[in-house]
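Asks: Below is model-v5.pdb; it holds PDB, C-alpha atoms.
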```pdb
ATOM      1  CA  MET H1202     -30.197 -26.972  41.742  1.00  0.00           C
ATOM      2  CA  ILE H1203     -28.474 -23.735  42.777  1.00  0.00           C
ATOM      3  CA  PHE H1204     -27.121 -25.485  45.862  1.00  0.00           C
ATOM      4  CA  GLU H1205     -25.685 -28.280  43.686  1.00  0.00           C
ATOM      5  CA  ILE H1206     -24.005 -25.747  41.409  1.00  0.00           C
ATOM      6  CA  LEU H1207     -22.432 -24.073  44.454  1.00  0.00           C
ATOM      7  CA  ILE H1208     -21.143 -27.416  45.753  1.00  0.00           C
ATOM      8  CA  PHE H1209     -19.763 -28.391  42.328  1.00  0.00           C
ATOM      9  CA  THR H1210     -18.067 -24.997  42.007  1.00  0.00           C
ATOM     10  CA  VAL H1211     -16.339 -25.207  45.389  1.00  0.00           C
ATOM     11  CA  ALA H1212     -15.297 -28.822  44.801  1.00  0.00           C
ATOM     12  CA  GLY H1213     -14.083 -27.996  41.294  1.00  0.00           C
ATOM     13  CA  ILE H1214     -11.954 -25.059  42.417  1.00  0.00           C
ATOM     14  CA  GLY H1215     -10.386 -27.178  45.150  1.00  0.00           C
ATOM     15  CA  ALA H1216      -9.734 -30.047  42.758  1.00  0.00           C
ATOM     16  CA  LEU H1217      -8.144 -27.740  40.165  1.00  0.00           C
ATOM     17  CA  PHE H1218      -5.899 -26.203  42.824  1.00  0.00           C
ATOM     18  CA  ILE H1219      -4.750 -29.651  43.943  1.00  0.00           C
ATOM     19  CA  THR H1220      -4.278 -30.759  40.321  1.00  0.00           C
ATOM     20  CA  GLY H1221      -2.127 -27.725  39.512  1.00  0.00           C
ATOM     21  CA  TYR H1222      -0.049 -28.209  42.643  1.00  0.00           C
ATOM     22  CA  THR H1223       0.417 -31.895  41.828  1.00  0.00           C
ATOM     23  CA  VAL H1224       1.775 -31.047  38.391  1.00  0.00           C
ATOM     24  CA  HIS H1225       4.081 -28.489  40.001  1.00  0.00           C
ATOM     25  CA  MET H1226       5.384 -31.096  42.455  1.00  0.00           C
ATOM     26  CA  PHE H1227       6.033 -33.633  39.692  1.00  0.00           C
ATOM     27  CA  VAL H1228       7.769 -31.416  37.155  1.00  0.00           C
ATOM     28  CA  GLY H1229       8.872 -28.376  39.156  1.00  0.00           C
ATOM     29  CA  GLY H1230      12.620 -27.966  38.793  1.00  0.00           C
ATOM     30  CA  LEU H1231      12.895 -30.644  36.119  1.00  0.00           C
ATOM     31  CA  VAL H1232      11.719 -28.432  33.264  1.00  0.00           C
ATOM     32  CA  SER H1233      11.743 -24.700  32.601  1.00  0.00           C
ATOM     33  CA  ALA H1234       9.176 -22.496  34.318  1.00  0.00           C
ATOM     34  CA  GLU H1235       7.485 -21.774  30.973  1.00  0.00           C
ATOM     35  CA  THR H1236       7.028 -25.494  30.265  1.00  0.00           C
ATOM     36  CA  GLU H1237       5.774 -26.087  33.789  1.00  0.00           C
ATOM     37  CA  HIS H1238       3.120 -23.382  33.410  1.00  0.00           C
ATOM     38  CA  GLN H1239       2.034 -24.819  30.068  1.00  0.00           C
ATOM     39  CA  LEU H1240       1.708 -28.297  31.579  1.00  0.00           C
ATOM     40  CA  ILE H1241      -0.322 -26.943  34.493  1.00  0.00           C
ATOM     41  CA  VAL H1242      -2.700 -25.153  32.103  1.00  0.00           C
ATOM     42  CA  ILE H1243      -3.111 -28.240  29.909  1.00  0.00           C
ATOM     43  CA  VAL H1244      -3.693 -30.681  32.779  1.00  0.00           C
ATOM     44  CA  CYS H1245      -6.029 -28.309  34.637  1.00  0.00           C
ATOM     45  CA  GLY H1246      -7.949 -27.698  31.402  1.00  0.00           C
ATOM     46  CA  ILE H1247      -8.451 -31.424  30.888  1.00  0.00           C
ATOM     47  CA  ALA H1248      -9.479 -31.857  34.525  1.00  0.00           C
ATOM     48  CA  ALA H1249     -11.928 -28.932  34.281  1.00  0.00           C
ATOM     49  CA  CYS H1250     -13.544 -30.449  31.184  1.00  0.00           C
ATOM     50  CA  ALA H1251     -13.888 -33.812  32.922  1.00  0.00           C
ATOM     51  CA  MET H1252     -15.412 -32.223  36.037  1.00  0.00           C
ATOM     52  CA  ALA H1253     -17.814 -30.121  33.956  1.00  0.00           C
ATOM     53  CA  TYR H1254     -18.989 -33.234  32.122  1.00  0.00           C
ATOM     54  CA  MET H1255     -19.524 -35.096  35.403  1.00  0.00           C
ATOM     55  CA  ALA H1256     -21.472 -32.176  36.893  1.00  0.00           C
ATOM     56  CA  TRP H1257     -23.588 -31.878  33.724  1.00  0.00           C
ATOM     57  CA  ASP H1258     -24.322 -35.619  33.868  1.00  0.00           C
ATOM     58  CA  VAL H1259     -25.412 -35.430  37.511  1.00  0.00           C
ATOM     59  CA  VAL H1260     -27.725 -32.504  36.794  1.00  0.00           C
ATOM     60  CA  GLN H1261     -29.201 -34.337  33.791  1.00  0.00           C
ATOM     61  CA  ARG H1262     -29.839 -37.458  35.865  1.00  0.00           C
ATOM     62  CA  ARG H1263     -31.381 -35.522  38.756  1.00  0.00           C
ATOM     63  CA  THR H1264     -33.761 -33.632  36.483  1.00  0.00           C
ATOM     64  CA  GLY H1265     -34.823 -36.900  34.819  1.00  0.00           C
ATOM     65  CA  ARG H1266     -33.575 -36.054  31.338  1.00  0.00           C
ATOM     66  CA  LYS H1267     -31.242 -39.011  31.173  1.00  0.00           C
TER      67      LYS H1267
END
```
What does the file become when written as structure tokens?

Replies:
Amino acid sequence: MIFEILIFTVAGIGALFITGYTVHMFVGGLVSAETEHQLIVIVCGIAACAMAYMAWDVVQRRTGRK
């Protein structure tokens, strides 16, 4: 289980980095820097919640609780 948590952590950090950069590429220069940072935080927060739920679900299924 520790190994799975390590894999999920590394994958999650990489995915959040790519998500933040994607938002930057879409809206960078079109809106103010303050708005861009707010959008990055919002989108990365939503993505982090989704990834945490998926990781929790995998752990629940592997331990036989679901």

Asks: Quick one: everything within 7 Å of range 1211-1227 of chain H, counting only C-alpha atoms, minus sequence neighbours fewer than 2 positions away in the same chain. Send it as a list in words.

Replies: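 Counting only the stated atoms, we get Leu1207, Ile1208, Phe1209, Gly1229, Glu1237, Ile1241, Cys1245 and Met1252 of chain H.
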
Asks: Please report the interatomic distance between CA of Gly1246 in chain H and CA of Val1228 in chain H in Å with one decimal.

Replies: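 Computing the Euclidean distance for CA of Gly1246 in chain H and CA of Val1228 in chain H yields 17.1 Å.
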
Asks: For range 1260-1265 of chain H, list every protein, DNA or RNA residue within 12 Å, evaluated using only C-alpha atoms, and leave out those in the same chain fewer than 3 positions away; present the list as number ranges by chain.

Replies: H: 1202-1206, 1209, 1253-1257

Asks: Could you save the residues just selected, with C-alpha atoms, as a short mmCIF file (atom, residue, chain, number, x, y, z; two decimals), in the frame of the given file?

Replies:
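Here's the written file part_7.cif:
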```cif
data_model
loop_
_atom_site.label_atom_id
_atom_site.label_comp_id
_atom_site.auth_asym_id
_atom_site.auth_seq_id
_atom_site.Cartn_x
_atom_site.Cartn_y
_atom_site.Cartn_z
CA MET H 1202 -30.20 -26.97 41.74
CA ILE H 1203 -28.47 -23.74 42.78
CA PHE H 1204 -27.12 -25.48 45.86
CA GLU H 1205 -25.68 -28.28 43.69
CA ILE H 1206 -24.00 -25.75 41.41
CA PHE H 1209 -19.76 -28.39 42.33
CA ALA H 1253 -17.81 -30.12 33.96
CA TYR H 1254 -18.99 -33.23 32.12
CA MET H 1255 -19.52 -35.10 35.40
CA ALA H 1256 -21.47 -32.18 36.89
CA TRP H 1257 -23.59 -31.88 33.72
#
```

Asks: Around all of range 1254-1258 of chain H's listed atoms, make the axis-aligned box with 3 Å on each side and tell me centre and edge lengths in Å to one decimal, as AutoDock Vina command-line options.

Replies:
```
--center_x -21.7 --center_y -33.7 --center_z 34.5 --size_x 11.3 --size_y 9.7 --size_z 10.8
```

Asks: Just to confirm, what's the straight-line distance from CA of Ile1243 in chain H to CA of Thr1210 in chain H in Å (one decimal)?

Replies: 19.5 Å

Asks: In Å to one decimal, how far is CA of Ser1233 in chain H from CA of Cys1250 in chain H?

Replies: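 Computed distance, CA of Cys1250 in chain H to CA of Ser1233 in chain H, equals 26.0 Å.
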